[in-house]
Each structure stands twice: as structure tokens, then as C-alpha cells.
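Peer 1: Quick one: this structure, given as C-alpha cells, is what I'll be asking you about.
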Amino acid sequence: MNLLFVHDGPIYYDQNGNYYEYAYHGLYERYSYLGEHIYFLMRTSPIEANTNNTILTNKVKVISVPNINGISLYLKNIMEAKKIIKRAVGQADILVARGGSYSAIAIEYAKKNHISYIFECVGCSWDAFWNHSLKGKIVAPYLFLRDKRLVKNSPYVCYVTNEFLQRRYPTTGKSVSCSNVFITPVENSVLERRIEKIHTLKKTQKIVIGTAAAIDVKYKGQEYVIKAVKKLTNKGFDLEYRMAGGNQHHSNYLFELAKSLGVSDRVKYVGSLNQDEMREFYDSLDIYIQPSKQEGLPRAVIEAMSRGIPVAGSDIAGIPELLQKQFLFRKGNVNEIARILEFMMNADLSDVARENFIKAKQYEIDVITKRRNSFYDVFLRENII
């Protein structure tokens with residue numbers, strides 16, 4: 001059985017021909033439940049070899065498609081892209097489409113060839129493009145309606161949220177709420193150490209806040225935290241903001257912003273971290289914050305919760321499904337971010353740490369895998385077996 005996974009990407013590769021998992025980790029294990037031979041179809045982008053990130057297994061074959069994002073690229077590459085997608089879909093037994101322009105094309109070919117498919121609804125195109133740029137605002141209504149139609153007419157849909165995406169993109173097909181995020185089980189000693197850290201934290205100590213997200217896209221919202229750091233330092237708070245994530249050379253605006261506000265010494269970039277380093281990163285924090293303007297269900301929030309960290313986040317997408325209401329702020333609202341952080345820095349958050357730790361267990365790999373595979377069993381029974 002050949003399974004074709006389609007997404008806009010990009011997926012990154014180095015000069016040695018290695019592809020890196022980044023946002024696609026664990027997908028081979030997931031999709032091998034459905035098919036023996038796994039193919040990823042998406043646009044590709046070169047990077048330097050990076051030992052901090054996991055290399056995609058060579059059991060997955062990557063099919064590169066030319067970029068069609070943007071009017072000029074679309075006009076230049078659409079015919080070649082359609083040719084590649086048509087050929088790949090024609091050789092597949094199962095299609096898994098994770099939204100985007102390539103998926104919309106692939107689904108049309110799948111329907112013509114009577115190929116069974118699953119749609120993965122992992123984010124909102126309206127939020128993604130409306131918060132991207134002026135050009136994004138122009139195309140956001142069209143893409144929103146396109147994706148709304150695709151999800152509605154898909155016979156099988158995997159949602160990564162419990163409520164948000166289901167409300168915005170309802171389907172007439174069969175569906176499952178199954179997070180795209182999963183974590184390995186965490187020992188209770190992690191929570192015990194976190195609570196001890198909260199109890200021993202003195203008001204005179206430096207408070208460490210952190211965000212783990214790509215820093216080359218503005219919709220992740222780190223700039224608003226930097227502005228809040230300025231407000232809080234003006235009030236006499238001693239704090240440091242640490243950012244983990246790739247592509248530093250694309251994000252000079254964050255460092256220029258910190259410099260212009262006079263808080264360069266309080267904003268630290270720790271780079272792209274591997275799994276073990278990420279655990280150390282989370283454990284070094286006193287507060288985690290997810291200031292995104294668009295998301296699906298953010299992996300980093302769940303990972304931070306699994307380490308018992310008190311978490312604040314914007315009130316968008318799936319984030320309110322994870323966090324306590326008092327720690328949610330309107331996207332881009334610097335005053336609300338500063339107010340919530342000030343409250344968190346002055347409060348005993350032991351109960352919050354416990355609540356987050358317990359909530360994160362709902363996303364442990366065994367729980368998520370069992371739910372997803374039950375859905376896959378229905379798909380296979382009705383279409384393949």
C-alpha cells in the first residue's frame with residue numbers, strides 16, 4: 001500500500017541529501033499504520049546540516065513540488081506542480097492531505113481516481129494569512145472559503161483541536177479530535193521539582209520567561225512579549241525573556257526591537273534545540289508564554305505544561321482549550337500580556353503547575369495513538385480491507 005502525505009511545507013534538506021523532520025516528526029510511525037510505503041509531497045528548501053534536529057527516516061520518500069505561493073510563482077510553476085501532484089496521486093492507494101494549495105489540487109485528483117483520503121485540519125487559513133501581511137489579507141477570504149469547502153466535503157477528517165477548528169471548519173464526514181501533538185510520559189518527579197522551584201523562588205530573584213516557536217514569522221508574536229518586558233522592567237521587575245526556535249538570521253527585527261527598547265540584555269536567543277535540550281530549556285523557565293496570532297494546537301504549550309510550568313497564551317485557536325482563563329490575553333495586546341505576567345510573577349502558582357501537568361497527560365503518545373488508530377481502523381475497514 002502506498003500512502004501519499006501532502007502538505008505545503010517546506011521540508012528542509014541539507015547538502016548531504018538529508019531531510020529534517022522539524023514539524024513532521026513522528027509521521028512515518030503514524031502513517032505506516034495505514035500504508036507500507038510512505039511518500040511526502042511538498043515544497044523543499046535547503047539549509048545547512050544541523051545536528052540538533054532529527055533527520056527524516058530514509059523509509060520516507062520525498063517528492064519535491066515547485067513553490068506556487070504568490071501570484072508570480074503560481075503563474076510560473078502551477079502547470080509543473082499539477083503535473084507532479086497528478087502523477088503522485090495516481091500512484092497512491094491512500095491520500096492524507098494536511099491543508100494548503102497542494103492538498104486542494106491533490107484532493108481533486110484523488111476524487112477523479114477514486115482514491116480514498118483523509119483530511120487533517122491542523123490550522124486556520126484565515127488566521128494564518130490575515131495575520132501574515134497586507135497581501136495575506138487579500139487572499140485570506142478566498143483561502144478560508146476554499147478550506148471550509150474542502151473540510152465540509154471530506155469523508156474523513158482529523159482535527160487537532162477539540163472545539164475550535166470543528167466550529168470554524170465543520171464536516172459532513174466522519175471525524176476525530178486527535179491532537180497532532182503528542183508527548184512521551186513524564187515522571188511525577190518532574191512536577192515535584194517544579195513545585196519546589198515555585199516555593200523557593202524569591203521575589204528578589206530574576207524571573208525567566210520563555211517561548212519556543214519559529215522566530216522568522218511575525219505571527220508567532222514574540223515582539224509583543226519583548227514590549228511587555230520593557231513595561232515590566234520600567235516597573236522594577238527583574239526578568240529575562242528566552243526564545244528557542246530556528247532561523248535566527250531571518251529575525252533581526254526582534255533583536256532590533258529589543259535594542260530600540262533598551263532591553264537587549266534581557267532578551268536571549270538560545271537557538272534551535274534538540275529534544276533533550278528542549279526539556280532543559282523548559283525546566284529553566286519560571287513562566288512559559290505563547291503569544292501567537294495564529295495556531296492550531298501549539299505543541300510547545302503542551303510540552304511546557306508537561307514540565308509543570310505555569311503558562312500564559314493568546315486567546316486564539318486551540319490555546320483556550322489548554323489554559324486557565326485568567327492566563328489568556330488578546331493577541332497582540334501588550335498591556336494584557338504585561339498585566340498577566342505581573343500577576344504570575346507575584347502569585348503562588350503551585351496549583352496551576354499541578355493542573356497543567358495533569359492536563360498534559362491527555363496528550364501522551366499512547367493516549368493519542370490509540371484514539372487515532374481507532375479512527376484509522378474505521379477508514380481502512382470502509383475503504384481498503
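Note on naming: chains are A, B, ... as they come in the C-alpha cells, residues start from 1 per chain, ligands start from 1 in the order shown.
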Neighbouring residues of range 339-354 of chain A were defined as those with any atom within 6 Å, considering only C-alpha atoms; residues of the same chain fewer than 6 positions away were excluded. Please report them as a list in words.
Peer 2: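 Near range 339-354 of chain A, the qualifying residues are Ile195, Gly308, Ile309 and Pro310 of chain A.
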Peer 1: Env of range 24-32 of chain A: 8 Å cut, atoms = only C-alpha atoms, seq-sep filter 4 positions within chain, self excluded. Answer as a list in words.
Peer 2: Leu3, Glu36, His37, Ile38, Thr54, Leu56, Thr57, Lys59, Val60 and Thr369 of chain A
Peer 1: Using N, CA and C atoms, can you write the selected residues to a file as a short mmCIF file (atom, residue, chain, number, x, y, z; two decimals), in the first residue's frame?
Peer 2:
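Once written, selection_17.cif looks like this:
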```cif
data_model
loop_
_atom_site.label_atom_id
_atom_site.label_comp_id
_atom_site.auth_asym_id
_atom_site.auth_seq_id
_atom_site.Cartn_x
_atom_site.Cartn_y
_atom_site.Cartn_z
N LEU A 3 1.06 5.24 0.61
CA LEU A 3 0.39 6.37 1.23
C LEU A 3 1.11 7.65 0.83
N GLU A 36 2.32 0.76 3.71
CA GLU A 36 3.68 0.23 3.83
C GLU A 36 4.71 1.19 3.29
N HIS A 37 4.39 1.86 2.19
CA HIS A 37 5.32 2.79 1.55
C HIS A 37 4.79 4.21 1.71
N ILE A 38 5.62 5.09 2.31
CA ILE A 38 5.19 6.44 2.67
C ILE A 38 5.92 7.46 1.79
N THR A 54 16.30 16.21 14.16
CA THR A 54 16.20 14.82 13.76
C THR A 54 16.09 14.70 12.24
N LEU A 56 14.90 12.94 8.92
CA LEU A 56 13.77 12.12 8.50
C LEU A 56 14.26 10.75 8.05
N THR A 57 13.58 9.71 8.46
CA THR A 57 13.98 8.36 8.09
C THR A 57 14.00 8.20 6.57
N LYS A 59 13.11 5.78 5.07
CA LYS A 59 11.96 4.97 4.66
C LYS A 59 10.87 5.85 4.04
N VAL A 60 10.98 7.16 4.27
CA VAL A 60 10.05 8.12 3.66
C VAL A 60 10.70 8.69 2.41
N THR A 369 -2.26 7.97 20.21
CA THR A 369 -2.12 6.93 19.20
C THR A 369 -3.33 5.99 19.20
#
```
Peer 1: Report as number ranges by chain: the residues of range 3-35 of chain A with a DSSP assignment of helix (DSSP H, G or I), based on the backbone of this structure.
Peer 2: A: 22-24, 27-31
Peer 1: Kindly export the residues of the current selection with N, CA, C and O atoms, as an mmCIF file, in the first residue's frame.
Peer 2:
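Contents of selection_3.cif, freshly written:
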```
data_model
loop_
_atom_site.group_PDB
_atom_site.id
_atom_site.type_symbol
_atom_site.label_atom_id
_atom_site.label_comp_id
_atom_site.auth_asym_id
_atom_site.auth_seq_id
_atom_site.Cartn_x
_atom_site.Cartn_y
_atom_site.Cartn_z
ATOM 1 N N TYR A 22 11.632 18.447 11.728
ATOM 2 C CA TYR A 22 11.026 19.684 12.203
ATOM 3 C C TYR A 22 9.552 19.459 12.541
ATOM 4 O O TYR A 22 9.216 18.787 13.495
ATOM 5 N N ALA A 23 8.650 20.020 11.741
ATOM 6 C CA ALA A 23 7.208 19.907 12.027
ATOM 7 C C ALA A 23 6.635 18.551 11.635
ATOM 8 O O ALA A 23 5.450 18.312 11.816
ATOM 9 N N TYR A 24 7.465 17.661 11.112
ATOM 10 C CA TYR A 24 6.958 16.393 10.579
ATOM 11 C C TYR A 24 7.471 15.185 11.362
ATOM 12 O O TYR A 24 7.502 14.079 10.849
ATOM 13 N N LEU A 27 5.765 11.235 11.884
ATOM 14 C CA LEU A 27 4.757 10.954 10.869
ATOM 15 C C LEU A 27 4.956 9.598 10.198
ATOM 16 O O LEU A 27 3.984 8.969 9.779
ATOM 17 N N TYR A 28 6.198 9.143 10.096
ATOM 18 C CA TYR A 28 6.401 7.822 9.485
ATOM 19 C C TYR A 28 5.725 6.750 10.334
ATOM 20 O O TYR A 28 4.996 5.896 9.822
ATOM 21 N N GLU A 29 5.960 6.812 11.644
ATOM 22 C CA GLU A 29 5.355 5.823 12.538
ATOM 23 C C GLU A 29 3.830 5.900 12.470
ATOM 24 O O GLU A 29 3.136 4.882 12.500
ATOM 25 N N ARG A 30 3.307 7.113 12.372
ATOM 26 C CA ARG A 30 1.858 7.294 12.315
ATOM 27 C C ARG A 30 1.275 6.707 11.035
ATOM 28 O O ARG A 30 0.340 5.924 11.069
ATOM 29 N N TYR A 31 1.848 7.085 9.909
ATOM 30 C CA TYR A 31 1.246 6.697 8.634
ATOM 31 C C TYR A 31 1.571 5.272 8.213
ATOM 32 O O TYR A 31 0.882 4.702 7.364
#
```
Peer 1: Hey, what's within 7 Å of range 250-259 of chain A if we count only C-alpha atoms and toss same-chain stuff fewer than 3 positions away? As an MDAnalysis selection string, please?
Peer 2: chainID A and resid 215:216 223 226 247 262:264 267
Peer 1: Could the residues in this selection be written to a file with C-alpha atoms, as an mmCIF file, in the first residue's frame?
Peer 2:
```cif
data_model
loop_
_atom_site.group_PDB
_atom_site.id
_atom_site.type_symbol
_atom_site.label_atom_id
_atom_site.label_comp_id
_atom_site.auth_asym_id
_atom_site.auth_seq_id
_atom_site.Cartn_x
_atom_site.Cartn_y
_atom_site.Cartn_z
ATOM 1 C CA ILE A 215 11.352 33.346 15.080
ATOM 2 C CA ASP A 216 11.255 34.058 11.343
ATOM 3 C CA GLU A 223 7.588 41.052 19.631
ATOM 4 C CA ILE A 226 9.520 41.961 24.257
ATOM 5 C CA ASN A 247 16.121 30.662 11.580
ATOM 6 C CA GLY A 262 16.717 49.187 25.712
ATOM 7 C CA VAL A 263 16.100 45.576 26.787
ATOM 8 C CA SER A 264 18.701 43.756 24.677
ATOM 9 C CA VAL A 267 16.165 39.129 25.570
#
```
Peer 1: Hey, what's within 12 Å of Ser284 in chain A if we count only C-alpha atoms and toss same-chain stuff fewer than 5 positions away? As a list of chain:residue names, please?
Peer 2: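 The residues satisfying every condition are A:Arg193, A:Arg194, A:Lys197, A:Ile198, A:Lys206, A:Ile207, A:Val208, A:Ile209, A:Gly210, A:Thr211, A:Glu240, A:Tyr241, A:Arg242, A:Val270, A:Glu277, A:Met278, A:Arg279, A:Ala304, A:Arg307, A:Gly308, A:Ile309.
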Peer 1: Please save C-alpha atoms of the selected residues as an mmCIF file, in the first residue's frame.
Peer 2:
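Okay, this is what ended up in result_14.cif:
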```
data_model
loop_
_atom_site.group_PDB
_atom_site.id
_atom_site.type_symbol
_atom_site.label_atom_id
_atom_site.label_comp_id
_atom_site.auth_asym_id
_atom_site.auth_seq_id
_atom_site.Cartn_x
_atom_site.Cartn_y
_atom_site.Cartn_z
ATOM 1 C CA ARG A 193 10.759 19.593 41.271
ATOM 2 C CA ARG A 194 8.650 22.276 39.614
ATOM 3 C CA LYS A 197 11.140 25.596 42.396
ATOM 4 C CA ILE A 198 7.973 27.693 42.710
ATOM 5 C CA LYS A 206 15.236 37.070 38.279
ATOM 6 C CA ILE A 207 12.105 35.624 36.651
ATOM 7 C CA VAL A 208 12.791 33.693 33.454
ATOM 8 C CA ILE A 209 10.087 33.697 30.772
ATOM 9 C CA GLY A 210 10.333 31.686 27.560
ATOM 10 C CA THR A 211 8.758 30.964 24.182
ATOM 11 C CA GLU A 240 14.670 37.644 31.234
ATOM 12 C CA TYR A 241 12.933 36.505 28.048
ATOM 13 C CA ARG A 242 14.391 33.444 26.312
ATOM 14 C CA VAL A 270 19.006 30.147 22.664
ATOM 15 C CA GLU A 277 17.896 20.402 25.158
ATOM 16 C CA MET A 278 14.239 21.399 24.904
ATOM 17 C CA ARG A 279 13.494 19.660 28.215
ATOM 18 C CA ALA A 304 5.679 23.207 28.724
ATOM 19 C CA ARG A 307 7.012 20.037 32.714
ATOM 20 C CA GLY A 308 4.606 21.636 35.208
ATOM 21 C CA ILE A 309 5.273 25.190 34.035
#
```
Peer 1: From a backbone DSSP assignment, name each residue in range 47-107 of chain A labelled strand (DSSP E or B), as a list in words.
Peer 2: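 Those residues are Ile55, Val60, Lys61, Val62, Ile63, Ser64, Ile94, Leu95, Val96 and Ala97 of chain A.
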Peer 1: Work out how far CA of Asp286 in chain A is from CA of Leu322 in chain A, in Å to one decimal.
Peer 2: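 Going from CA of Leu322 in chain A over to CA of Asp286 in chain A, I get 18.2 Å.
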Peer 1: With a distance cut-off of 10 Å and only C-alpha atoms, select the neighbouring residues of Asn153 in chain A, excluding the residue or stretch itself and same-chain residues fewer than 3 positions from it, and output the selection as a short mmCIF file (atom, residue, chain, number, x, y, z; two decimals) with all heavy atoms, in the first residue's frame.
Peer 2:
```cif
data_model
loop_
_atom_site.label_atom_id
_atom_site.label_comp_id
_atom_site.auth_asym_id
_atom_site.auth_seq_id
_atom_site.Cartn_x
_atom_site.Cartn_y
_atom_site.Cartn_z
N PHE A 119 -8.51 14.08 5.46
CA PHE A 119 -8.09 15.47 5.57
C PHE A 119 -7.68 15.75 7.00
O PHE A 119 -8.42 15.46 7.94
CB PHE A 119 -9.23 16.41 5.16
CG PHE A 119 -8.80 17.84 4.97
CD1 PHE A 119 -8.55 18.33 3.70
CD2 PHE A 119 -8.62 18.69 6.06
CE1 PHE A 119 -8.15 19.65 3.51
CE2 PHE A 119 -8.22 20.00 5.88
CZ PHE A 119 -7.99 20.48 4.61
N ASP A 147 -10.88 26.22 2.03
CA ASP A 147 -10.64 25.19 3.04
C ASP A 147 -11.92 24.77 3.74
O ASP A 147 -12.09 23.61 4.11
CB ASP A 147 -9.60 25.68 4.04
CG ASP A 147 -8.21 25.78 3.43
OD1 ASP A 147 -8.03 25.32 2.29
OD2 ASP A 147 -7.32 26.35 4.09
N LYS A 148 -12.83 25.71 3.93
CA LYS A 148 -14.11 25.38 4.54
C LYS A 148 -14.86 24.36 3.67
O LYS A 148 -15.45 23.40 4.18
CB LYS A 148 -14.93 26.66 4.69
CG LYS A 148 -16.05 26.58 5.72
CD LYS A 148 -16.68 27.96 5.90
CE LYS A 148 -17.78 27.93 6.95
NZ LYS A 148 -17.26 27.74 8.31
N ARG A 149 -14.79 24.57 2.36
CA ARG A 149 -15.45 23.64 1.43
C ARG A 149 -14.75 22.29 1.43
O ARG A 149 -15.40 21.23 1.43
CB ARG A 149 -15.43 24.23 0.01
CG ARG A 149 -15.97 23.29 -1.06
CD ARG A 149 -15.90 23.96 -2.42
NE ARG A 149 -14.56 24.39 -2.75
CZ ARG A 149 -13.62 23.58 -3.26
NH1 ARG A 149 -13.88 22.30 -3.46
NH2 ARG A 149 -12.43 24.06 -3.56
N LEU A 150 -13.41 22.29 1.44
CA LEU A 150 -12.66 21.04 1.43
C LEU A 150 -12.97 20.19 2.65
O LEU A 150 -13.17 18.98 2.55
CB LEU A 150 -11.15 21.34 1.35
CG LEU A 150 -10.59 21.82 0.02
CD1 LEU A 150 -9.13 22.23 0.17
CD2 LEU A 150 -10.75 20.75 -1.05
N TYR A 156 -13.44 11.91 5.68
CA TYR A 156 -12.77 11.60 6.94
C TYR A 156 -11.88 12.80 7.30
O TYR A 156 -11.05 13.23 6.50
CB TYR A 156 -11.90 10.34 6.82
CG TYR A 156 -12.68 9.13 6.39
CD1 TYR A 156 -12.83 8.84 5.03
CD2 TYR A 156 -13.30 8.29 7.32
CE1 TYR A 156 -13.57 7.73 4.62
CE2 TYR A 156 -14.03 7.19 6.92
CZ TYR A 156 -14.17 6.91 5.57
OH TYR A 156 -14.91 5.84 5.17
N VAL A 157 -12.05 13.31 8.51
CA VAL A 157 -11.31 14.49 8.94
C VAL A 157 -10.71 14.27 10.32
O VAL A 157 -11.41 13.86 11.26
CB VAL A 157 -12.21 15.75 8.99
CG1 VAL A 157 -11.39 16.97 9.42
CG2 VAL A 157 -12.86 16.00 7.62
N PRO A 170 -16.58 22.92 9.95
CA PRO A 170 -17.37 21.70 10.18
C PRO A 170 -17.34 20.76 8.97
O PRO A 170 -17.14 21.21 7.84
CB PRO A 170 -18.79 22.24 10.40
CG PRO A 170 -18.81 23.55 9.67
CD PRO A 170 -17.42 24.12 9.82
N THR A 171 -17.53 19.48 9.22
CA THR A 171 -17.53 18.49 8.14
C THR A 171 -18.82 17.68 8.17
O THR A 171 -19.42 17.50 9.23
CB THR A 171 -16.33 17.55 8.25
OG1 THR A 171 -16.33 16.63 7.15
CG2 THR A 171 -16.37 16.74 9.55
N THR A 172 -19.20 17.20 7.02
CA THR A 172 -20.33 16.28 6.93
C THR A 172 -19.85 14.83 6.99
O THR A 172 -20.66 13.90 7.00
CB THR A 172 -21.11 16.50 5.62
OG1 THR A 172 -20.22 16.34 4.51
CG2 THR A 172 -21.73 17.89 5.58
N GLY A 173 -18.53 14.65 7.00
CA GLY A 173 -17.97 13.31 7.05
C GLY A 173 -17.73 12.84 8.48
O GLY A 173 -18.16 13.46 9.45
#
```
Peer 1: Leaving out Cys121 in chain A and any residue of its chain fewer than 5 positions from it, which residues lie within 9 Å of it when counting only C-alpha atoms, given as a list in words?
Peer 2: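 The residues satisfying every condition are Ala97, Arg98, Gly99, Val151, Val157, Cys158, Tyr159, Val160, Thr161, Leu165, Gln166, Tyr169 and Gly296 of chain A.
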Peer 1: Please, could you write that set of residues out with C-alpha atoms as a short mmCIF file (atom, residue, chain, number, x, y, z; two decimals), in the first residue's frame?
Peer 2:
```cif
data_model
loop_
_atom_site.label_atom_id
_atom_site.label_comp_id
_atom_site.auth_asym_id
_atom_site.auth_seq_id
_atom_site.Cartn_x
_atom_site.Cartn_y
_atom_site.Cartn_z
CA ALA A 97 -3.97 15.89 2.90
CA ARG A 98 -2.93 18.44 5.52
CA GLY A 99 -4.48 21.59 4.05
CA VAL A 151 -13.24 20.07 5.05
CA VAL A 157 -11.31 14.49 8.94
CA CYS A 158 -8.74 14.53 11.75
CA TYR A 159 -8.99 17.71 13.83
CA VAL A 160 -6.12 18.69 16.12
CA THR A 161 -8.43 20.66 18.41
CA LEU A 165 -11.43 24.04 14.27
CA GLN A 166 -14.60 21.94 14.42
CA TYR A 169 -14.48 24.14 9.63
CA GLY A 296 -3.71 25.09 15.60
#
```
